[in-house]
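A.B. asks: Mind looking over this structure? Questions follow.
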Amino acid sequence: MTSPKHVFGSYGIVALLFFSAALVSADLSAEFYDETCPDALDIIEDAVRAAVSKESRMGASLLRLHFHDCFVNGCDGSVLLDGATGEKNAVPNKNSLRGFELVDDIKAQLEKACAKVVSCADILAVAARDSVVALGGPTWDVELGRRDGTTMSQDAANSDLPAPTSDLGALTEAFSIKGLTQKDMVALSGAHTIGQARCVNFRGRLYNETAPSLDATLATSLKPRCPSTDGTGDDNTSPLDPSTSYVFDNFYYKNLLRNKGLLHSDQQLFSGGGSADAQITAYASGMGAGFFDDFRDAMVKMGGIGVLTGSSGQVRLNCRKAN
C-alpha cells in the first residue's frame with residue numbers, strides 16, 4: 001500500500017478526531033433500533049449467514065466494505081453510492097470491492113419491515129460483525145444510529161485508504177489520522193486472515209522482494225497466477241491467509257512470523273525488530289484475551305469514525321443514491 005498521498009497527521013488534528021469520536025459515540029447505541037425496527041439485526045444476520053454459507057469469500061468482502069466506508073470521510077455509507085466520480089471507482093476499490101448486491105437485498109428487506117428507518121451505514125457495520133462471526137471470529141455489540149451521507153469522494157478514497165505497498169510508518173500514520181492507534185491498526189489488519197488479494201497488489205512484493213523477507217516457497221506457489229508483466233493476470237486473486245483462508249483465526253499473524261505475508265503492507269507489521277513485532281508475536285501465540293478482544297475493540301472504535309447522527313445526513317431509501 002503506497003503511503004497515502006496526503007499525510008495530514010499532527011497532534012491537533014488527531015486530538016480533534018479523538019474528541020469528535022467521543023462526542024459521536026455518545027449518540028450511538030446498540031439498542032438504537034429496538035423500538036423502531038426490532039427485527040433489523042435478525043434480517044441482516046440471516047442474509048449475511050446465507051450469503052457466507054453460499055460463498056465464504058463474501059464474509060471478507062462485507063468486512064472490507066465497512067473498512068473502506070469508514071476510512072473515507074467517516075462511516076456514512078458513501079462507499080455504496082453509484083457514480084463515475086464515486087468511491088467505487090477509486091484505485092483501491094475499482095474491480096475489487098464486492099457485496100453491493102447483497103447490501104441492496106438487505107436494504108430492500110429492511111424497507112419492507114420498517115421503511116425509512118435503518119441506514120445503509122448501519123447495515124455495513126452490522127454485516128461486518130455478522131460476517132466475522134459466521135467465519136468463526138468474535139462477536140461484539142455494534143453501536144447503531146449512523147445516518148447516511150449524501151456525497152462521495154473518489155479523491156479521499158485514493159488518498160486515505162492505505163495502499164498495499166505501505167511501510168509500517170505510513171500505515172501507522174494513516175490510521176492515526178483516523179484516530180486509531182498502531183495497536184488498533186495491527187488488530188484490524190487481522191481481518192486479512194480471510195479474503196483474497198489481486199495480483200496487481202502483490203506483484204511488486206513477489207518479484208522485488210526475496211528471502212528472508214518473502215518466503216521462497218510462498219513466492220514459487222504464487223508466480224503461476226501472478227506473472228511479472230504488468231497488465232497480465234492483474235485481477236487474479238490469491239488468499240491473504242493460505243493456511244485457513246475462510247476461517248477467522250490468528251493464522252494471519254502466524255504467517256507473518258514465517259515471512260508469508262501476501263502484501264508488502266502485511267509483512268511490514270513484522271520485520272524482526274519493528275515496533276509492532278511484540279504484538280504480532282502475542283497474537284500468533286493465542287487468541288481469546290489477545291487478538292479477538294483487541295479486534296472487537298478496534299472494530300467498535302473504527303465504527304465511530306466521522307459518523308453522522310441525529311438530524312445530520314439521511315436514511316437512504318436506496319443505498320446506491322441519495323434521496
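Here's how to read the names in the C-alpha cells: chain A, B, ... by the order shown, residue numbers from 1 in each chain, ligand numbers from 1 in the order shown.
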Within 10 Å of range 316-319 of chain A, which residues of range 105-131 of chain A show up? Give each one with its shortest atom-to-atom distance in Å (one decimal) and the two atoms involved, counting only C-alpha atoms, rows by chain then rising residue number, as JSON lines.
C.D. replies:
{"residue": "A:Lys107", "atom": "CA", "partner": "A:Cys319", "partner_atom": "CA", "distance": 7.3}
{"residue": "A:Ala108", "atom": "CA", "partner": "A:Asn318", "partner_atom": "CA", "distance": 8.1}
{"residue": "A:Leu110", "atom": "CA", "partner": "A:Leu317", "partner_atom": "CA", "distance": 9.8}
{"residue": "A:Glu111", "atom": "CA", "partner": "A:Leu317", "partner_atom": "CA", "distance": 7.4}
{"residue": "A:Ala115", "atom": "CA", "partner": "A:Leu317", "partner_atom": "CA", "distance": 8.0}
{"residue": "A:Lys116", "atom": "CA", "partner": "A:Leu317", "partner_atom": "CA", "distance": 6.3}
{"residue": "A:Val117", "atom": "CA", "partner": "A:Arg316", "partner_atom": "CA", "distance": 8.9}
{"residue": "A:Val118", "atom": "CA", "partner": "A:Arg316", "partner_atom": "CA", "distance": 8.5}
{"residue": "A:Ser119", "atom": "CA", "partner": "A:Arg316", "partner_atom": "CA", "distance": 6.3}
{"residue": "A:Cys120", "atom": "CA", "partner": "A:Cys319", "partner_atom": "CA", "distance": 5.8}
{"residue": "A:Ala121", "atom": "CA", "partner": "A:Cys319", "partner_atom": "CA", "distance": 8.8}
{"residue": "A:Ile123", "atom": "CA", "partner": "A:Cys319", "partner_atom": "CA", "distance": 9.7}
A.B. asks: Atoms to include: all heavy atoms. Write the selected residues as a PDB file, in the first residue's frame.
C.D. replies:
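Heads up, here's the output in result36.pdb:
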ATOM      1  N   LYS A 107     -31.134  -4.139   2.272  1.00  0.00           N
ATOM      2  CA  LYS A 107     -31.847  -2.863   2.379  1.00  0.00           C
ATOM      3  C   LYS A 107     -33.307  -3.018   1.956  1.00  0.00           C
ATOM      4  O   LYS A 107     -34.209  -2.479   2.615  1.00  0.00           O
ATOM      5  CB  LYS A 107     -31.151  -1.811   1.504  1.00  0.00           C
ATOM      6  CG  LYS A 107     -31.807  -0.427   1.533  1.00  0.00           C
ATOM      7  CD  LYS A 107     -31.825   0.176   2.928  1.00  0.00           C
ATOM      8  CE  LYS A 107     -32.364   1.591   2.909  1.00  0.00           C
ATOM      9  NZ  LYS A 107     -32.545   2.154   4.267  1.00  0.00           N
ATOM     10  N   ALA A 108     -33.563  -3.766   0.890  1.00  0.00           N
ATOM     11  CA  ALA A 108     -34.942  -3.973   0.415  1.00  0.00           C
ATOM     12  C   ALA A 108     -35.770  -4.692   1.482  1.00  0.00           C
ATOM     13  O   ALA A 108     -36.935  -4.338   1.729  1.00  0.00           O
ATOM     14  CB  ALA A 108     -34.930  -4.771  -0.877  1.00  0.00           C
ATOM     15  N   LEU A 110     -35.221  -4.641   4.717  1.00  0.00           N
ATOM     16  CA  LEU A 110     -35.420  -3.721   5.836  1.00  0.00           C
ATOM     17  C   LEU A 110     -36.478  -2.672   5.519  1.00  0.00           C
ATOM     18  O   LEU A 110     -37.263  -2.280   6.401  1.00  0.00           O
ATOM     19  CB  LEU A 110     -34.098  -3.045   6.199  1.00  0.00           C
ATOM     20  CG  LEU A 110     -33.058  -3.958   6.868  1.00  0.00           C
ATOM     21  CD1 LEU A 110     -31.705  -3.273   6.925  1.00  0.00           C
ATOM     22  CD2 LEU A 110     -33.518  -4.341   8.273  1.00  0.00           C
ATOM     23  N   GLU A 111     -36.520  -2.215   4.274  1.00  0.00           N
ATOM     24  CA  GLU A 111     -37.532  -1.228   3.895  1.00  0.00           C
ATOM     25  C   GLU A 111     -38.932  -1.822   3.984  1.00  0.00           C
ATOM     26  O   GLU A 111     -39.898  -1.135   4.330  1.00  0.00           O
ATOM     27  CB  GLU A 111     -37.258  -0.694   2.494  1.00  0.00           C
ATOM     28  CG  GLU A 111     -36.077   0.276   2.418  1.00  0.00           C
ATOM     29  CD  GLU A 111     -36.265   1.489   3.318  1.00  0.00           C
ATOM     30  OE1 GLU A 111     -37.303   2.169   3.207  1.00  0.00           O
ATOM     31  OE2 GLU A 111     -35.380   1.753   4.152  1.00  0.00           O
ATOM     32  N   ALA A 115     -39.906   0.897   6.965  1.00  0.00           N
ATOM     33  CA  ALA A 115     -39.465   1.847   5.947  1.00  0.00           C
ATOM     34  C   ALA A 115     -38.785   3.078   6.550  1.00  0.00           C
ATOM     35  O   ALA A 115     -39.201   3.590   7.598  1.00  0.00           O
ATOM     36  CB  ALA A 115     -40.650   2.287   5.094  1.00  0.00           C
ATOM     37  N   LYS A 116     -37.714   3.506   5.874  1.00  0.00           N
ATOM     38  CA  LYS A 116     -37.024   4.754   6.187  1.00  0.00           C
ATOM     39  C   LYS A 116     -36.445   4.806   7.600  1.00  0.00           C
ATOM     40  O   LYS A 116     -36.373   5.862   8.219  1.00  0.00           O
ATOM     41  CB  LYS A 116     -37.977   5.949   5.995  1.00  0.00           C
ATOM     42  CG  LYS A 116     -38.614   6.031   4.628  1.00  0.00           C
ATOM     43  CD  LYS A 116     -39.593   7.189   4.542  1.00  0.00           C
ATOM     44  CE  LYS A 116     -40.296   7.238   3.195  1.00  0.00           C
ATOM     45  NZ  LYS A 116     -41.272   8.349   3.093  1.00  0.00           N
ATOM     46  N   VAL A 117     -36.011   3.654   8.105  1.00  0.00           N
ATOM     47  CA  VAL A 117     -35.525   3.603   9.487  1.00  0.00           C
ATOM     48  C   VAL A 117     -34.049   3.230   9.574  1.00  0.00           C
ATOM     49  O   VAL A 117     -33.257   3.922  10.227  1.00  0.00           O
ATOM     50  CB  VAL A 117     -36.368   2.611  10.327  1.00  0.00           C
ATOM     51  CG1 VAL A 117     -35.751   2.448  11.720  1.00  0.00           C
ATOM     52  CG2 VAL A 117     -37.810   3.081  10.435  1.00  0.00           C
ATOM     53  N   VAL A 118     -33.641   2.143   8.927  1.00  0.00           N
ATOM     54  CA  VAL A 118     -32.280   1.622   9.083  1.00  0.00           C
ATOM     55  C   VAL A 118     -31.375   2.180   7.994  1.00  0.00           C
ATOM     56  O   VAL A 118     -31.659   2.045   6.798  1.00  0.00           O
ATOM     57  CB  VAL A 118     -32.259   0.086   9.040  1.00  0.00           C
ATOM     58  CG1 VAL A 118     -30.838  -0.431   9.254  1.00  0.00           C
ATOM     59  CG2 VAL A 118     -33.194  -0.483  10.102  1.00  0.00           C
ATOM     60  N   SER A 119     -30.288   2.793   8.404  1.00  0.00           N
ATOM     61  CA  SER A 119     -29.374   3.420   7.447  1.00  0.00           C
ATOM     62  C   SER A 119     -28.486   2.388   6.757  1.00  0.00           C
ATOM     63  O   SER A 119     -28.238   1.295   7.271  1.00  0.00           O
ATOM     64  CB  SER A 119     -28.485   4.444   8.159  1.00  0.00           C
ATOM     65  OG  SER A 119     -27.570   3.792   9.028  1.00  0.00           O
ATOM     66  N   CYS A 120     -27.991   2.758   5.604  1.00  0.00           N
ATOM     67  CA  CYS A 120     -27.056   1.909   4.859  1.00  0.00           C
ATOM     68  C   CYS A 120     -25.735   1.794   5.613  1.00  0.00           C
ATOM     69  O   CYS A 120     -25.092   0.733   5.596  1.00  0.00           O
ATOM     70  CB  CYS A 120     -26.833   2.491   3.469  1.00  0.00           C
ATOM     71  SG  CYS A 120     -28.353   2.633   2.495  1.00  0.00           S
ATOM     72  N   ALA A 121     -25.322   2.861   6.269  1.00  0.00           N
ATOM     73  CA  ALA A 121     -24.081   2.835   7.050  1.00  0.00           C
ATOM     74  C   ALA A 121     -24.175   1.818   8.176  1.00  0.00           C
ATOM     75  O   ALA A 121     -23.206   1.087   8.461  1.00  0.00           O
ATOM     76  CB  ALA A 121     -23.785   4.226   7.604  1.00  0.00           C
ATOM     77  N   ILE A 123     -26.146  -0.831   8.143  1.00  0.00           N
ATOM     78  CA  ILE A 123     -26.148  -2.155   7.509  1.00  0.00           C
ATOM     79  C   ILE A 123     -24.719  -2.649   7.345  1.00  0.00           C
ATOM     80  O   ILE A 123     -24.407  -3.803   7.656  1.00  0.00           O
ATOM     81  CB  ILE A 123     -26.861  -2.112   6.139  1.00  0.00           C
ATOM     82  CG1 ILE A 123     -28.362  -1.868   6.315  1.00  0.00           C
ATOM     83  CG2 ILE A 123     -26.638  -3.431   5.382  1.00  0.00           C
ATOM     84  CD1 ILE A 123     -29.101  -1.654   5.001  1.00  0.00           C
TER      85      ILE A 123
END
A.B. asks: Going by DSSP on the backbone, which bits of range 5-205 of chain A are helix (DSSP H, G or I)? Write them as a PyMOL selection string, please.
C.D. replies: chain A and resi 11-25+40-54+57-70+78-80+87-89+100-113+120-134+154-160+168-177+182-193+199-205
A.B. asks: Tell me which of A:Pro138, A:Gly190, A:Gly74, A:Pro92 sits closest to Phe292 in chain A, counting only C-alpha atoms.
C.D. replies: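 Of all the options, A:Pro138 lies closest to Phe292 in chain A.
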A.B. asks: So, with only C-alpha atoms as the atoms that count, which of A:Asp294, A:Asp241, A:Asp234, A:Asp249 lies closest to Gly261 in chain A?
C.D. replies: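 The answer is A:Asp241, which sits nearest to Gly261 in chain A.
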A.B. asks: Mind running range 111-162 of chain A against range 51-68 of chain A at 7 Å and telling me each contacting residue's nearest atom pair with the distance in Å (one decimal), counting only C-alpha atoms, chain and number ascending, as JSON lines?
C.D. replies:
{"residue": "A:Leu124", "atom": "CA", "partner": "A:His66", "partner_atom": "CA", "distance": 5.3}
{"residue": "A:Ala125", "atom": "CA", "partner": "A:His66", "partner_atom": "CA", "distance": 6.0}
{"residue": "A:Ala127", "atom": "CA", "partner": "A:Leu62", "partner_atom": "CA", "distance": 6.4}
{"residue": "A:Ala128", "atom": "CA", "partner": "A:Leu63", "partner_atom": "CA", "distance": 4.3}
{"residue": "A:Ser131", "atom": "CA", "partner": "A:Gly59", "partner_atom": "CA", "distance": 4.5}
{"residue": "A:Val132", "atom": "CA", "partner": "A:Gly59", "partner_atom": "CA", "distance": 6.7}
A.B. asks: Save the residues we just selected, N, CA, C and O atoms, as an mmCIF file, in the first residue's frame?
C.D. replies:
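Contents of out_39.cif, as written:
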data_model
loop_
_atom_site.group_PDB
_atom_site.id
_atom_site.type_symbol
_atom_site.label_atom_id
_atom_site.label_comp_id
_atom_site.auth_asym_id
_atom_site.auth_seq_id
_atom_site.Cartn_x
_atom_site.Cartn_y
_atom_site.Cartn_z
ATOM 1 N N LEU A 124 -23.826 -1.790 6.875
ATOM 2 C CA LEU A 124 -22.439 -2.184 6.677
ATOM 3 C C LEU A 124 -21.775 -2.567 8.000
ATOM 4 O O LEU A 124 -21.019 -3.547 8.066
ATOM 5 N N ALA A 125 -22.045 -1.810 9.049
ATOM 6 C CA ALA A 125 -21.425 -2.075 10.347
ATOM 7 C C ALA A 125 -21.882 -3.415 10.914
ATOM 8 O O ALA A 125 -21.072 -4.198 11.433
ATOM 9 N N ALA A 127 -23.317 -5.942 9.163
ATOM 10 C CA ALA A 127 -22.926 -7.019 8.246
ATOM 11 C C ALA A 127 -21.461 -7.399 8.444
ATOM 12 O O ALA A 127 -21.091 -8.573 8.321
ATOM 13 N N ALA A 128 -20.621 -6.423 8.748
ATOM 14 C CA ALA A 128 -19.207 -6.714 9.010
ATOM 15 C C ALA A 128 -19.072 -7.606 10.234
ATOM 16 O O ALA A 128 -18.340 -8.612 10.217
ATOM 17 N N SER A 131 -20.408 -11.106 9.519
ATOM 18 C CA SER A 131 -19.500 -11.847 8.642
ATOM 19 C C SER A 131 -18.371 -12.482 9.447
ATOM 20 O O SER A 131 -18.002 -13.644 9.223
ATOM 21 N N VAL A 132 -17.798 -11.716 10.359
ATOM 22 C CA VAL A 132 -16.721 -12.225 11.202
ATOM 23 C C VAL A 132 -17.217 -13.418 12.025
ATOM 24 O O VAL A 132 -16.554 -14.458 12.112
#
A.B. asks: Quick one: distance from CA of Ser166 in chain A to CA of Val91 in chain A in Å, one decimal?
C.D. replies: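 Value for the CA of Ser166 in chain A-CA of Val91 in chain A distance: 14.8 Å.
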A.B. asks: What lies within 12 Å of Glu87 in chain A using only C-alpha atoms, ignoring chain neighbours under 2 positions off, as JSON, numbers by chain?
C.D. replies: {"A": [65, 68, 69, 70, 71, 72, 73, 77, 78, 79, 80, 81, 82, 83, 84, 85, 89, 90, 91, 92, 93, 94, 95, 96, 97, 151, 152, 153, 154, 155, 156, 157, 158, 159, 160, 161, 320]}
A.B. asks: Would you export the selected residues with C-alpha atoms as a compact mmCIF listing (two decimals), in the first residue's frame, please?
C.D. replies:
# COMPACT_ATOMS: atom_id res chain seq x y z
CA LEU A 65 -16.80 -2.67 2.61
CA HIS A 68 -13.39 1.21 3.11
CA ASP A 69 -16.51 3.15 4.07
CA CYS A 70 -15.22 4.33 7.45
CA PHE A 71 -11.79 5.36 6.20
CA VAL A 72 -13.23 7.77 3.62
CA ASN A 73 -14.99 10.70 5.29
CA GLY A 77 -22.32 4.60 3.63
CA SER A 78 -20.71 6.77 0.94
CA VAL A 79 -18.83 3.78 -0.48
CA LEU A 80 -22.17 2.41 -1.66
CA LEU A 81 -23.10 5.42 -3.80
CA ASP A 82 -23.04 4.90 -7.56
CA GLY A 83 -21.36 7.39 -9.89
CA ALA A 84 -18.37 7.67 -12.20
CA THR A 85 -16.64 10.00 -9.73
CA ASN A 89 -14.16 3.79 -8.92
CA ALA A 90 -11.21 4.87 -6.78
CA VAL A 91 -7.97 2.96 -7.39
CA PRO A 92 -8.20 0.83 -4.20
CA ASN A 93 -11.83 -0.10 -4.92
CA LYS A 94 -12.34 -0.46 -8.67
CA ASN A 95 -12.75 -4.07 -9.80
CA SER A 96 -12.13 -5.01 -6.19
CA LEU A 97 -14.94 -4.15 -3.78
CA THR A 151 -21.87 12.89 -1.02
CA MET A 152 -18.91 10.74 -2.02
CA SER A 153 -15.24 11.44 -2.60
CA GLN A 154 -13.10 9.48 -5.02
CA ASP A 155 -10.14 11.73 -4.20
CA ALA A 156 -10.43 10.92 -0.49
CA ALA A 157 -10.66 7.20 -1.25
CA ASN A 158 -7.48 7.44 -3.31
CA SER A 159 -5.61 9.33 -0.60
CA ASP A 160 -6.96 7.97 2.69
CA LEU A 161 -7.07 4.21 2.14
CA ARG A 320 -26.81 3.45 -4.24
A.B. asks: Among the residues of range 96-251 of chain A, find those DSSP assigns to strand (DSSP E) from the backbone and print them as number ranges by chain.
C.D. replies: A: 196-198, 237-239
A.B. asks: Let me see the file: selected residues, C-alpha atoms, as a PDB file, in the first residue's frame.
C.D. replies:
ATOM      1  CA  GLN A 196      -8.256 -12.524  -1.274  1.00  0.00           C
ATOM      2  CA  ALA A 197      -5.897 -10.001  -2.843  1.00  0.00           C
ATOM      3  CA  ARG A 198      -5.402  -9.236  -6.531  1.00  0.00           C
ATOM      4  CA  THR A 237      -6.559 -13.462  -6.760  1.00  0.00           C
ATOM      5  CA  SER A 238      -4.693 -15.353  -4.063  1.00  0.00           C
ATOM      6  CA  PRO A 239      -5.690 -15.842  -0.408  1.00  0.00           C
TER       7      PRO A 239
END
A.B. asks: Would you work out the distance separating CA of Ser213 in chain A from CA of Ala174 in chain A, expressed in Å to one decimal?
C.D. replies: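 Computing the Euclidean distance for CA of Ser213 in chain A and CA of Ala174 in chain A yields 23.1 Å.
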A.B. asks: Take CA of Met302 in chain A and CA of Val200 in chain A and report the distance between them in Å, one decimal.
C.D. replies: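 Taking CA of Met302 in chain A and CA of Val200 in chain A, their separation equals 27.1 Å.
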A.B. asks: Measuring between only C-alpha atoms, which one of A:Arg225, A:Val186, A:Asp141, A:Tyr207 shows the shortest distance to Tyr283 in chain A?
C.D. replies: A:Val186
A.B. asks: I want to know what sits within 12 Å of Cys114 in chain A, based on only C-alpha atoms, with residues of the same chain fewer than 5 positions away left out; could you give that as a ChimeraX atom specification?
C.D. replies: /A:33-40,43,107-109,119,315,317
A.B. asks: Rank A:Lys321, A:Val247, A:Ala113, A:Leu256 by their smallest atom-to-atom distance to Gln268 in chain A, using only C-alpha atoms, and report the top residue only.
C.D. replies: A:Leu256
